[in-house]
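These notes concern the structure reproduced below.
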Amino acid sequence: MVTAAMDGAALVAPARLDLPTLLRTTAGRLATIADGAVLAFARDGEAAPLRLRTAAGVASPEVARSAASALAEALENVAACRETQRVAPLAAFGTRGAGGVTLVAIAGAERVHGAFAVATPVPLAASALELFELTAEAIAARVDQFENAIENEALRSRLAEIDRVADEKNDEVLKLSEALFAQDIELLRSHERLGQVEKLKNDFIEKMSRELRTPLNGIIESIIAVLAGENDVLSETAQQCLRRALDDGTAFLRTLQNILDLWRIKQGEMPVEVQDVNFREVVEEAIFSVQDTIGNNPVTIEKYFVEPLPKIRTDLAKVNQILFLLLDNSAKFTREGRIEITARIAGGALVCEVRDSGIGICPDDQQFIFDEFYQVDELASTKYRGSGLGLALVRDLLRLLDGGITVSSEVGGGTSFTFRVPVQVLG
């Protein structure tokens with residue numbers, strides 16, 4: 001009998017969840033197995049009380065409602081502890097419930113979805129109780145699966161919307177960029193259009209700052225919130241999609257910031273702010289920030305400080321940005337191996353070398369790598385993600401600090417960048 005009943009209670013996932021029908025069918029089968037009466041309860045919402053949904057094996061609906069009212073407190077206790085409980089016989093069930101009432105929780109992974117009240121003429125056997133508990137677990141699993149499917153579909157819709165907005169903004173930036181640089185080329189040919197080009201630049205930068213960075217920040221914050229708050233219920237595929245969207249959004253935001261910084265430097269709107277700097281901490285922060293670029297690549301970062309390396313006075317934000325951009329560039333072109341950072345104070349200046357074991361740069365390209373939007377080859381922007389602005393920004397930031405940079409490299413043998421920044425050495 002037990003085997004047949006379990007086969008009859010086997011659950012096949014439907015296209016949609018019809019919980020009332022499921023409870024009604026299951027209650028009838030359980031009442032037959034128990035030779036008694038079965039009441040099925042469910043919640044209307046997460047915080048709502050358990051409510052009678054169907055009954056089987058009772059004399060009338062009035063009897064079912066009377067029994068449900070008498071069991072209200074016991075049902076809430078079962079929902080709270082998520083464990084099966086037995087209660088005394090209820091007069092409403094008559095001889096069919098003389099053996100007592102067993103309350104079985106329909107408990108899902110996160111919450112209790114409902115419960116069965118099983119009244120039997122004799123105390124419920126252990127094998128039958130096990131069957132009822134397994135049936136309740138199966139129903140709870142189906143409800144969880146259905147709710148998770150709804151949540152995953154909502155997340156997929158949110159992700160699709162994020163991708164759509166990002167694509168629209170990216171297209172807008174590309175169109176504005178094409179217009180801007182087309183005007184720049186025309187400016188070199190004739191100074192008569194200088195005023196028009198400057199207006200286009202100002203409009204471009206203003207629109208980029210207002211219309212792109214603000215929604216992009218919101219998109220990134222939304223993705224982080226979803227990953228942090230709902231990570232346990234997300235499928236692995238959904239998590240991977242969100243992480244890719246987060247990486248792309250962060251890279252896009254960084255490119256926007258680089259363009260804005262370059263523009264501010266050229267307009268003379270980026271002041272130098274001198275303060276006390278511990279360069280060891282700058283190195284540690286830059287190493288931490290570049291980990292996303294390294295990803296799972298087998299790359300190690302080693303640091304060497306030539307002592308003494310005292311505190312200095314310079315522009316902390318700009319020195320931090322210079323070191324990060326150089327490390328980020330090395331990490332992009334070093335798929336495996338190491339990156340070395342060497343720092344020292346010499347002749348009243350901070351001298352820092354970033355050396356990698358990456359693909360290297362051929363001599364013909366080395367003279368152009370500090371040009372804006374320059375890529376070593378046409379496939380570089382696809383194979384190695386980047387806009388060609390990082391080294392140009394490093395050059396301009398160093399000029400702003402009265403510093404300079406040199407490069408040495410060979411194809412297949414890695415690259416070394418050494419920058420020098422005048423500083424005030426603190427004792």
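Naming scheme: A, B, ... for chains in displayed order of the structure tokens; residues 1 onward per chain; ligands 1 onward as shown.
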
**OP:** Taking the chain letters and numbering used in this document, name the residues of stretch 158-392 of chain A that DSSP puts in strand (DSSP E), as a PyMOL selection string.
**Re:** chain A and resi 275-277+299-305+312-314+337-346+349-356

Write a file of the just-selected residues containing N, CA and C atoms, as an mmCIF file, in the first residue's frame.
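part-v1.cif was written with the following content:
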```cif
data_model
loop_
_atom_site.group_PDB
_atom_site.id
_atom_site.type_symbol
_atom_site.label_atom_id
_atom_site.label_comp_id
_atom_site.auth_asym_id
_atom_site.auth_seq_id
_atom_site.Cartn_x
_atom_site.Cartn_y
_atom_site.Cartn_z
ATOM 1 N N GLN A 275 49.973 66.699 -0.633
ATOM 2 C CA GLN A 275 49.741 66.237 0.729
ATOM 3 C C GLN A 275 50.771 65.173 1.089
ATOM 4 N N ASP A 276 50.785 64.769 2.370
ATOM 5 C CA ASP A 276 51.711 63.721 2.803
ATOM 6 C C ASP A 276 51.292 62.388 2.184
ATOM 7 N N VAL A 277 52.285 61.633 1.694
ATOM 8 C CA VAL A 277 52.008 60.375 0.996
ATOM 9 C C VAL A 277 52.942 59.277 1.500
ATOM 10 N N VAL A 299 49.412 35.150 -12.695
ATOM 11 C CA VAL A 299 50.324 36.294 -12.667
ATOM 12 C C VAL A 299 50.565 36.690 -11.214
ATOM 13 N N THR A 300 51.825 36.845 -10.840
ATOM 14 C CA THR A 300 52.176 37.298 -9.494
ATOM 15 C C THR A 300 52.738 38.715 -9.569
ATOM 16 N N ILE A 301 52.476 39.499 -8.539
ATOM 17 C CA ILE A 301 52.995 40.868 -8.458
ATOM 18 C C ILE A 301 53.992 40.921 -7.301
ATOM 19 N N GLU A 302 55.195 41.357 -7.598
ATOM 20 C CA GLU A 302 56.254 41.467 -6.593
ATOM 21 C C GLU A 302 56.639 42.930 -6.442
ATOM 22 N N LYS A 303 56.926 43.347 -5.222
ATOM 23 C CA LYS A 303 57.280 44.739 -4.966
ATOM 24 C C LYS A 303 58.626 44.803 -4.248
ATOM 25 N N TYR A 304 59.428 45.797 -4.642
ATOM 26 C CA TYR A 304 60.756 45.978 -4.065
ATOM 27 C C TYR A 304 60.926 47.459 -3.725
ATOM 28 N N PHE A 305 61.215 47.745 -2.467
ATOM 29 C CA PHE A 305 61.423 49.114 -2.023
ATOM 30 C C PHE A 305 62.902 49.293 -1.657
ATOM 31 N N ILE A 312 56.634 61.181 1.641
ATOM 32 C CA ILE A 312 56.899 62.279 0.725
ATOM 33 C C ILE A 312 55.673 63.180 0.644
ATOM 34 N N ARG A 313 55.860 64.328 0.004
ATOM 35 C CA ARG A 313 54.729 65.222 -0.256
ATOM 36 C C ARG A 313 54.570 65.369 -1.766
ATOM 37 N N THR A 314 53.392 64.997 -2.239
ATOM 38 C CA THR A 314 53.060 65.112 -3.653
ATOM 39 C C THR A 314 51.545 64.988 -3.767
ATOM 40 N N GLY A 337 53.022 34.818 -15.682
ATOM 41 C CA GLY A 337 54.355 35.303 -15.318
ATOM 42 C C GLY A 337 54.302 36.215 -14.116
ATOM 43 N N ARG A 338 54.966 37.360 -14.208
ATOM 44 C CA ARG A 338 55.052 38.237 -13.036
ATOM 45 C C ARG A 338 55.102 39.701 -13.461
ATOM 46 N N ILE A 339 54.778 40.541 -12.504
ATOM 47 C CA ILE A 339 54.905 41.993 -12.634
ATOM 48 C C ILE A 339 55.693 42.472 -11.419
ATOM 49 N N GLU A 340 56.718 43.282 -11.649
ATOM 50 C CA GLU A 340 57.563 43.771 -10.559
ATOM 51 C C GLU A 340 57.417 45.286 -10.430
ATOM 52 N N ILE A 341 57.295 45.736 -9.178
ATOM 53 C CA ILE A 341 57.242 47.165 -8.878
ATOM 54 C C ILE A 341 58.462 47.504 -8.028
ATOM 55 N N THR A 342 59.274 48.423 -8.508
ATOM 56 C CA THR A 342 60.461 48.853 -7.762
ATOM 57 C C THR A 342 60.355 50.355 -7.519
ATOM 58 N N ALA A 343 60.567 50.777 -6.280
ATOM 59 C CA ALA A 343 60.438 52.197 -5.933
ATOM 60 C C ALA A 343 61.626 52.646 -5.105
ATOM 61 N N ARG A 344 62.050 53.889 -5.352
ATOM 62 C CA ARG A 344 63.163 54.471 -4.579
ATOM 63 C C ARG A 344 63.055 55.999 -4.627
ATOM 64 N N ILE A 345 63.749 56.656 -3.737
ATOM 65 C CA ILE A 345 63.877 58.109 -3.736
ATOM 66 C C ILE A 345 65.288 58.438 -4.205
ATOM 67 N N ALA A 346 65.391 59.257 -5.240
ATOM 68 C CA ALA A 346 66.701 59.605 -5.785
ATOM 69 C C ALA A 346 66.658 61.030 -6.319
ATOM 70 N N ALA A 349 63.404 63.040 -6.019
ATOM 71 C CA ALA A 349 62.277 62.582 -6.831
ATOM 72 C C ALA A 349 61.920 61.148 -6.465
ATOM 73 N N LEU A 350 60.641 60.816 -6.658
ATOM 74 C CA LEU A 350 60.187 59.437 -6.542
ATOM 75 C C LEU A 350 60.400 58.765 -7.889
ATOM 76 N N VAL A 351 61.163 57.666 -7.877
ATOM 77 C CA VAL A 351 61.426 56.915 -9.114
ATOM 78 C C VAL A 351 60.802 55.538 -8.948
ATOM 79 N N CYS A 352 59.888 55.184 -9.853
ATOM 80 C CA CYS A 352 59.174 53.916 -9.750
ATOM 81 C C CYS A 352 59.200 53.209 -11.106
ATOM 82 N N GLU A 353 59.553 51.918 -11.075
ATOM 83 C CA GLU A 353 59.590 51.107 -12.287
ATOM 84 C C GLU A 353 58.530 50.014 -12.187
ATOM 85 N N VAL A 354 57.762 49.833 -13.265
ATOM 86 C CA VAL A 354 56.798 48.732 -13.371
ATOM 87 C C VAL A 354 57.248 47.853 -14.534
ATOM 88 N N ARG A 355 57.717 46.656 -14.200
ATOM 89 C CA ARG A 355 58.256 45.745 -15.214
ATOM 90 C C ARG A 355 57.400 44.483 -15.262
ATOM 91 N N ASP A 356 57.083 44.029 -16.487
ATOM 92 C CA ASP A 356 56.292 42.811 -16.624
ATOM 93 C C ASP A 356 56.969 41.830 -17.569
#
```

Subject >> Shell around stretch 219-225 of chain A at 7 Å using only C-alpha atoms, local window under 6 positions removed, as a ChimeraX atom specification >> reply: /A:162,242,246,249

Original post:
Pick from A:Pro310, A:Pro422, A:Gly413, A:Pro20: nearest to A:Gly347, with only C-alpha atoms counted?
Top reply: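 Counting only C-alpha atoms, the residue closest to A:Gly347 is A:Pro422.
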
**OP:** Pick out the closest residue to A:Leu155 from this set: A:Ala64, A:Leu22, A:Phe324, A:Leu234. Count only C-alpha atoms.
**Re:** A:Leu234

**OP:** Mind listing the helix (DSSP H, G or I) residues of stretch 107-342 of chain A, per DSSP on the backbone, as a PyMOL selection string?
**Re:** chain A and resi 126-189+191-230+236-266+279-289+291-294+316-332

**OP:** Would you mind telling me which residue in A:Ala138, A:Leu262, A:Val78, A:Ala128 lies nearest to A:Val104 when using only C-alpha atoms?
**Re:**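 Checking each of A:Ala138, A:Leu262, A:Val78, A:Ala128 against A:Val104, counting only C-alpha atoms, the winner is A:Val78.
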
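In this comparison, which uses only C-alpha atoms, the residue of A:Arg244, A:Leu30, A:Thr293, A:Val282 approaching A:Ala317 most closely is A:Val282.
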
Subject >> Close residues, stretch 140-149 of chain A itself excluded, 6 Å, only C-alpha atoms, min 3 positions apart in chain, as a PyMOL selection string >> reply: chain A and resi 106-108+137+152

Pick out the residues sitting within 10 Å of stretch 31-43 of chain A, and hand them over as a PDB file with N, CA and C atoms, in the first residue's frame; count only C-alpha atoms, and ignore anything fewer than 6 positions along from it in its own chain.
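Output file part.pdb follows:
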```pdb
ATOM      1  N   MET A   1       0.829  -1.215   0.000  1.00  0.00           N
ATOM      2  CA  MET A   1       0.000   0.000   0.000  1.00  0.00           C
ATOM      3  C   MET A   1       0.858   1.256   0.000  1.00  0.00           C
ATOM      4  N   VAL A   2       1.945   1.223   0.791  1.00  0.00           N
ATOM      5  CA  VAL A   2       2.796   2.402   0.908  1.00  0.00           C
ATOM      6  C   VAL A   2       3.441   2.721  -0.426  1.00  0.00           C
ATOM      7  N   ALA A   5       0.991   4.178  -2.857  1.00  0.00           N
ATOM      8  CA  ALA A   5       0.618   5.542  -2.489  1.00  0.00           C
ATOM      9  C   ALA A   5       1.704   6.518  -2.871  1.00  0.00           C
ATOM     10  N   LEU A  19      -1.522  25.218  -6.966  1.00  0.00           N
ATOM     11  CA  LEU A  19      -1.412  24.695  -5.610  1.00  0.00           C
ATOM     12  C   LEU A  19      -2.748  24.196  -5.063  1.00  0.00           C
ATOM     13  N   PRO A  20      -3.863  24.909  -5.244  1.00  0.00           N
ATOM     14  CA  PRO A  20      -5.135  24.389  -4.711  1.00  0.00           C
ATOM     15  C   PRO A  20      -5.476  22.995  -5.242  1.00  0.00           C
ATOM     16  N   LEU A  23      -3.125  20.409  -3.662  1.00  0.00           N
ATOM     17  CA  LEU A  23      -3.487  20.095  -2.281  1.00  0.00           C
ATOM     18  C   LEU A  23      -4.761  19.247  -2.221  1.00  0.00           C
ATOM     19  N   ARG A  24      -5.730  19.560  -3.083  1.00  0.00           N
ATOM     20  CA  ARG A  24      -6.988  18.817  -3.074  1.00  0.00           C
ATOM     21  C   ARG A  24      -6.753  17.360  -3.467  1.00  0.00           C
ATOM     22  N   PRO A  49      -1.315  34.062   7.991  1.00  0.00           N
ATOM     23  CA  PRO A  49      -1.525  32.817   8.742  1.00  0.00           C
ATOM     24  C   PRO A  49      -1.942  31.677   7.824  1.00  0.00           C
ATOM     25  N   LEU A  50      -1.785  30.468   8.325  1.00  0.00           N
ATOM     26  CA  LEU A  50      -2.214  29.296   7.567  1.00  0.00           C
ATOM     27  C   LEU A  50      -3.744  29.293   7.471  1.00  0.00           C
ATOM     28  N   ARG A  51      -4.254  29.046   6.254  1.00  0.00           N
ATOM     29  CA  ARG A  51      -5.704  29.088   6.020  1.00  0.00           C
ATOM     30  C   ARG A  51      -6.142  27.773   5.385  1.00  0.00           C
ATOM     31  N   LEU A  52      -7.316  27.269   5.811  1.00  0.00           N
ATOM     32  CA  LEU A  52      -7.842  26.023   5.267  1.00  0.00           C
ATOM     33  C   LEU A  52      -8.117  26.188   3.772  1.00  0.00           C
ATOM     34  N   ARG A  53      -7.554  25.246   2.968  1.00  0.00           N
ATOM     35  CA  ARG A  53      -7.750  25.295   1.525  1.00  0.00           C
ATOM     36  C   ARG A  53      -8.634  24.155   1.021  1.00  0.00           C
ATOM     37  N   THR A  54      -8.528  22.966   1.623  1.00  0.00           N
ATOM     38  CA  THR A  54      -9.325  21.830   1.169  1.00  0.00           C
ATOM     39  C   THR A  54      -9.383  20.780   2.265  1.00  0.00           C
ATOM     40  N   ALA A  55     -10.321  19.867   2.166  1.00  0.00           N
ATOM     41  CA  ALA A  55     -10.474  18.804   3.158  1.00  0.00           C
ATOM     42  C   ALA A  55     -10.956  17.539   2.462  1.00  0.00           C
ATOM     43  N   ALA A  56     -10.604  16.403   3.029  1.00  0.00           N
ATOM     44  CA  ALA A  56     -11.041  15.104   2.498  1.00  0.00           C
ATOM     45  C   ALA A  56     -11.353  14.180   3.668  1.00  0.00           C
ATOM     46  N   GLY A  57     -12.401  13.368   3.532  1.00  0.00           N
ATOM     47  CA  GLY A  57     -12.757  12.418   4.576  1.00  0.00           C
ATOM     48  C   GLY A  57     -13.541  13.016   5.716  1.00  0.00           C
ATOM     49  N   VAL A  58     -14.105  14.214   5.565  1.00  0.00           N
ATOM     50  CA  VAL A  58     -14.903  14.845   6.623  1.00  0.00           C
ATOM     51  C   VAL A  58     -16.376  14.800   6.222  1.00  0.00           C
ATOM     52  N   ALA A  59     -17.243  14.920   7.223  1.00  0.00           N
ATOM     53  CA  ALA A  59     -18.683  14.789   6.987  1.00  0.00           C
ATOM     54  C   ALA A  59     -19.242  15.969   6.210  1.00  0.00           C
ATOM     55  N   ALA A  64     -15.166  20.632   8.684  1.00  0.00           N
ATOM     56  CA  ALA A  64     -13.791  20.980   8.332  1.00  0.00           C
ATOM     57  C   ALA A  64     -13.418  22.347   8.896  1.00  0.00           C
ATOM     58  N   ARG A  65     -14.335  23.325   8.764  1.00  0.00           N
ATOM     59  CA  ARG A  65     -14.040  24.666   9.271  1.00  0.00           C
ATOM     60  C   ARG A  65     -13.931  24.666  10.788  1.00  0.00           C
ATOM     61  N   ALA A  67     -13.002  22.139  12.711  1.00  0.00           N
ATOM     62  CA  ALA A  67     -11.742  21.503  13.080  1.00  0.00           C
ATOM     63  C   ALA A  67     -10.568  22.440  12.803  1.00  0.00           C
ATOM     64  N   ALA A  68     -10.603  23.160  11.690  1.00  0.00           N
ATOM     65  CA  ALA A  68      -9.517  24.089  11.350  1.00  0.00           C
ATOM     66  C   ALA A  68      -9.396  25.185  12.399  1.00  0.00           C
ATOM     67  N   LEU A  75      -1.385  24.775  14.595  1.00  0.00           N
ATOM     68  CA  LEU A  75      -0.812  24.920  13.257  1.00  0.00           C
ATOM     69  C   LEU A  75       0.293  25.975  13.235  1.00  0.00           C
ATOM     70  N   PHE A  93     -14.125  15.345  14.327  1.00  0.00           N
ATOM     71  CA  PHE A  93     -13.828  14.261  13.396  1.00  0.00           C
ATOM     72  C   PHE A  93     -14.566  12.967  13.733  1.00  0.00           C
ATOM     73  N   GLY A  94     -15.115  12.898  14.928  1.00  0.00           N
ATOM     74  CA  GLY A  94     -15.829  11.688  15.337  1.00  0.00           C
ATOM     75  C   GLY A  94     -14.889  10.500  15.432  1.00  0.00           C
ATOM     76  N   THR A  95     -15.421   9.314  15.078  1.00  0.00           N
ATOM     77  CA  THR A  95     -14.615   8.093  15.202  1.00  0.00           C
ATOM     78  C   THR A  95     -13.467   8.050  14.203  1.00  0.00           C
ATOM     79  N   ARG A  96     -13.557   8.823  13.091  1.00  0.00           N
ATOM     80  CA  ARG A  96     -12.470   8.822  12.109  1.00  0.00           C
ATOM     81  C   ARG A  96     -11.224   9.506  12.651  1.00  0.00           C
ATOM     82  N   GLY A  97     -11.391  10.276  13.722  1.00  0.00           N
ATOM     83  CA  GLY A  97     -10.233  10.946  14.305  1.00  0.00           C
ATOM     84  C   GLY A  97      -9.948  10.504  15.721  1.00  0.00           C
ATOM     85  N   ALA A  98     -10.449   9.342  16.121  1.00  0.00           N
ATOM     86  CA  ALA A  98     -10.282   8.886  17.506  1.00  0.00           C
ATOM     87  C   ALA A  98      -8.822   8.612  17.856  1.00  0.00           C
ATOM     88  N   GLY A  99      -8.007   8.340  16.867  1.00  0.00           N
ATOM     89  CA  GLY A  99      -6.590   8.042  17.136  1.00  0.00           C
ATOM     90  C   GLY A  99      -5.724   9.276  17.261  1.00  0.00           C
ATOM     91  N   VAL A 101      -4.734  13.559  16.030  1.00  0.00           N
ATOM     92  CA  VAL A 101      -4.480  14.366  14.836  1.00  0.00           C
ATOM     93  C   VAL A 101      -2.970  14.604  14.719  1.00  0.00           C
ATOM     94  N   THR A 102      -2.432  14.364  13.545  1.00  0.00           N
ATOM     95  CA  THR A 102      -1.006  14.598  13.280  1.00  0.00           C
ATOM     96  C   THR A 102      -0.874  15.777  12.336  1.00  0.00           C
ATOM     97  N   LEU A 103      -0.060  16.774  12.731  1.00  0.00           N
ATOM     98  CA  LEU A 103       0.148  17.980  11.934  1.00  0.00           C
ATOM     99  C   LEU A 103       1.523  17.885  11.265  1.00  0.00           C
ATOM    100  N   VAL A 104       1.542  17.955   9.930  1.00  0.00           N
ATOM    101  CA  VAL A 104       2.788  17.823   9.150  1.00  0.00           C
ATOM    102  C   VAL A 104       3.009  19.129   8.388  1.00  0.00           C
ATOM    103  N   ALA A 105       4.148  19.779   8.611  1.00  0.00           N
ATOM    104  CA  ALA A 105       4.444  21.052   7.954  1.00  0.00           C
ATOM    105  C   ALA A 105       4.902  20.837   6.512  1.00  0.00           C
ATOM    106  N   ILE A 106       4.408  21.680   5.607  1.00  0.00           N
ATOM    107  CA  ILE A 106       4.900  21.723   4.221  1.00  0.00           C
ATOM    108  C   ILE A 106       5.978  22.806   4.206  1.00  0.00           C
ATOM    109  N   VAL A 112       7.691  28.183   5.557  1.00  0.00           N
ATOM    110  CA  VAL A 112       6.669  27.141   5.585  1.00  0.00           C
ATOM    111  C   VAL A 112       5.526  27.571   4.673  1.00  0.00           C
ATOM    112  N   HIS A 113       5.227  26.736   3.668  1.00  0.00           N
ATOM    113  CA  HIS A 113       4.184  27.068   2.703  1.00  0.00           C
ATOM    114  C   HIS A 113       2.795  26.635   3.178  1.00  0.00           C
ATOM    115  N   GLY A 114       2.720  25.636   4.037  1.00  0.00           N
ATOM    116  CA  GLY A 114       1.422  25.142   4.466  1.00  0.00           C
ATOM    117  C   GLY A 114       1.567  23.981   5.429  1.00  0.00           C
ATOM    118  N   ALA A 115       0.489  23.187   5.587  1.00  0.00           N
ATOM    119  CA  ALA A 115       0.535  22.050   6.505  1.00  0.00           C
ATOM    120  C   ALA A 115      -0.635  21.116   6.202  1.00  0.00           C
ATOM    121  N   PHE A 116      -0.470  19.832   6.611  1.00  0.00           N
ATOM    122  CA  PHE A 116      -1.549  18.854   6.573  1.00  0.00           C
ATOM    123  C   PHE A 116      -1.950  18.514   8.010  1.00  0.00           C
ATOM    124  N   ALA A 117      -3.249  18.400   8.267  1.00  0.00           N
ATOM    125  CA  ALA A 117      -3.757  17.873   9.535  1.00  0.00           C
ATOM    126  C   ALA A 117      -4.401  16.527   9.218  1.00  0.00           C
ATOM    127  N   VAL A 118      -3.831  15.439   9.747  1.00  0.00           N
ATOM    128  CA  VAL A 118      -4.280  14.091   9.426  1.00  0.00           C
ATOM    129  C   VAL A 118      -4.929  13.479  10.667  1.00  0.00           C
ATOM    130  N   ALA A 119      -6.248  13.255  10.630  1.00  0.00           N
ATOM    131  CA  ALA A 119      -6.980  12.618  11.734  1.00  0.00           C
ATOM    132  C   ALA A 119      -7.195  11.146  11.384  1.00  0.00           C
ATOM    133  N   THR A 120      -6.853  10.255  12.310  1.00  0.00           N
ATOM    134  CA  THR A 120      -6.939   8.804  12.045  1.00  0.00           C
ATOM    135  C   THR A 120      -7.724   8.108  13.150  1.00  0.00           C
ATOM    136  N   PRO A 121      -8.393   7.001  12.811  1.00  0.00           N
ATOM    137  CA  PRO A 121      -9.163   6.283  13.828  1.00  0.00           C
ATOM    138  C   PRO A 121      -8.271   5.609  14.865  1.00  0.00           C
ATOM    139  N   VAL A 122      -7.047   5.288  14.482  1.00  0.00           N
ATOM    140  CA  VAL A 122      -6.065   4.734  15.422  1.00  0.00           C
ATOM    141  C   VAL A 122      -4.791   5.555  15.268  1.00  0.00           C
ATOM    142  N   PRO A 123      -3.890   5.533  16.271  1.00  0.00           N
ATOM    143  CA  PRO A 123      -2.651   6.310  16.140  1.00  0.00           C
ATOM    144  C   PRO A 123      -1.931   5.977  14.843  1.00  0.00           C
ATOM    145  N   LEU A 124      -1.393   7.004  14.193  1.00  0.00           N
ATOM    146  CA  LEU A 124      -0.762   6.872  12.886  1.00  0.00           C
ATOM    147  C   LEU A 124       0.515   6.050  12.986  1.00  0.00           C
ATOM    148  N   ALA A 125       0.625   5.034  12.098  1.00  0.00           N
ATOM    149  CA  ALA A 125       1.812   4.172  12.082  1.00  0.00           C
ATOM    150  C   ALA A 125       3.025   4.966  11.586  1.00  0.00           C
ATOM    151  N   ALA A 128       3.351   5.140   7.738  1.00  0.00           N
ATOM    152  CA  ALA A 128       2.417   6.084   7.130  1.00  0.00           C
ATOM    153  C   ALA A 128       2.853   7.522   7.402  1.00  0.00           C
ATOM    154  N   LEU A 129       3.336   7.783   8.640  1.00  0.00           N
ATOM    155  CA  LEU A 129       3.811   9.122   8.963  1.00  0.00           C
ATOM    156  C   LEU A 129       4.970   9.524   8.047  1.00  0.00           C
ATOM    157  N   LEU A 131       5.504   8.480   5.050  1.00  0.00           N
ATOM    158  CA  LEU A 131       4.949   8.772   3.737  1.00  0.00           C
ATOM    159  C   LEU A 131       4.377  10.182   3.679  1.00  0.00           C
ATOM    160  N   PHE A 132       3.596  10.569   4.721  1.00  0.00           N
ATOM    161  CA  PHE A 132       3.002  11.906   4.743  1.00  0.00           C
ATOM    162  C   PHE A 132       4.075  12.992   4.760  1.00  0.00           C
TER     163      PHE A 132
END
```

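Each of A:Phe333, A:Trp263, A:Phe370, A:Phe279 was compared to A:Asn297 using only C-alpha atoms, and A:Phe333 turns out to be the nearest.
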
**OP:** Write out as number ranges by chain which residues come within 12 Å of A:Leu216 when counting only C-alpha atoms, dropping same-chain ones fewer than 4 positions away.
**Re:** A: 162-170, 208-212, 220-223, 245-246, 248-257

Original post:
For the atom pair atom CA of A:Ile259 and atom CA of A:Leu389, what is the interatomic distance in Å to one decimal place?
Top reply: 7.4 Å

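Atom CA of A:Asp402 sits 6.8 Å away from atom CA of A:Val421.
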
Original post:
What is the distance, in Å and to one decimal place, between atom CA of A:Asp171 and atom CA of A:Ser330?
Top reply: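 One can read the atom CA of A:Asp171 to atom CA of A:Ser330 distance as 28.4 Å.
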
Original post:
What lies within 12 Å of A:Gly403 using only C-alpha atoms, ignoring chain neighbours under 3 positions off, as a list in words?
Top reply: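 With the cut-off at 12 Å, the set is Thr314, Asp315, Lys318, Val319, Ile322, Gly348, Ala349, Leu350, Val351, Cys352, Val394, Arg395, Asp396, Leu397, Leu398, Arg399, Leu400, Thr406, Thr418, Phe419, Arg420, Val421, Pro422 and Val423 of chain A.
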
Would you mind exporting the chosen residues as a CSV table (one decimal), in the first residue's frame, restricted to N, CA and C atoms?
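File out-v1.csv, as written:
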```
chain,number,residue,atom,x,y,z
A,314,THR,N,53.4,65.0,-2.2
A,314,THR,CA,53.1,65.1,-3.7
A,314,THR,C,51.5,65.0,-3.8
A,315,ASP,N,51.0,64.9,-5.0
A,315,ASP,CA,49.6,64.7,-5.2
A,315,ASP,C,49.2,63.2,-5.1
A,318,LYS,N,46.9,61.6,-7.9
A,318,LYS,CA,47.5,61.5,-9.3
A,318,LYS,C,48.5,60.4,-9.3
A,319,VAL,N,49.4,60.4,-8.2
A,319,VAL,CA,50.4,59.3,-8.2
A,319,VAL,C,49.7,57.9,-8.1
A,322,ILE,N,48.4,57.1,-11.6
A,322,ILE,CA,49.5,56.8,-12.5
A,322,ILE,C,49.9,55.3,-12.3
A,348,GLY,N,65.8,63.9,-5.0
A,348,GLY,CA,64.6,64.7,-4.7
A,348,GLY,C,63.4,64.3,-5.5
A,349,ALA,N,63.4,63.0,-6.0
A,349,ALA,CA,62.3,62.6,-6.8
A,349,ALA,C,61.9,61.1,-6.5
A,350,LEU,N,60.6,60.8,-6.7
A,350,LEU,CA,60.2,59.4,-6.5
A,350,LEU,C,60.4,58.8,-7.9
A,351,VAL,N,61.2,57.7,-7.9
A,351,VAL,CA,61.4,56.9,-9.1
A,351,VAL,C,60.8,55.5,-8.9
A,352,CYS,N,59.9,55.2,-9.9
A,352,CYS,CA,59.2,53.9,-9.7
A,352,CYS,C,59.2,53.2,-11.1
A,394,VAL,N,48.5,58.7,-18.3
A,394,VAL,CA,49.8,58.7,-17.5
A,394,VAL,C,50.7,59.8,-17.9
A,395,ARG,N,50.9,59.9,-19.2
A,395,ARG,CA,51.8,61.0,-19.7
A,395,ARG,C,51.4,62.4,-19.3
A,396,ASP,N,50.1,62.7,-19.4
A,396,ASP,CA,49.6,64.0,-19.1
A,396,ASP,C,49.6,64.3,-17.6
A,397,LEU,N,49.3,63.2,-16.8
A,397,LEU,CA,49.3,63.4,-15.3
A,397,LEU,C,50.8,63.7,-14.9
A,398,LEU,N,51.7,63.0,-15.5
A,398,LEU,CA,53.1,63.2,-15.1
A,398,LEU,C,53.6,64.6,-15.5
A,399,ARG,N,53.2,65.1,-16.7
A,399,ARG,CA,53.5,66.4,-17.1
A,399,ARG,C,52.9,67.5,-16.1
A,400,LEU,N,51.7,67.2,-15.6
A,400,LEU,CA,51.1,68.1,-14.7
A,400,LEU,C,51.9,68.1,-13.4
A,406,THR,N,59.7,56.9,-19.1
A,406,THR,CA,60.5,56.2,-20.2
A,406,THR,C,60.0,54.8,-20.3
A,418,THR,N,59.3,53.3,-16.5
A,418,THR,CA,59.9,54.0,-15.3
A,418,THR,C,59.4,55.4,-15.3
A,419,PHE,N,58.7,55.8,-14.2
A,419,PHE,CA,58.3,57.2,-14.1
A,419,PHE,C,59.0,57.9,-13.0
A,420,ARG,N,59.2,59.2,-13.1
A,420,ARG,CA,59.9,60.0,-12.1
A,420,ARG,C,59.1,61.3,-11.8
A,421,VAL,N,58.8,61.5,-10.5
A,421,VAL,CA,58.0,62.6,-10.0
A,421,VAL,C,58.8,63.4,-9.0
A,422,PRO,N,59.0,64.7,-9.2
A,422,PRO,CA,59.7,65.5,-8.1
A,422,PRO,C,58.8,65.5,-6.9
A,423,VAL,N,59.4,65.3,-5.7
A,423,VAL,CA,58.7,65.3,-4.5
A,423,VAL,C,59.4,66.0,-3.4
```
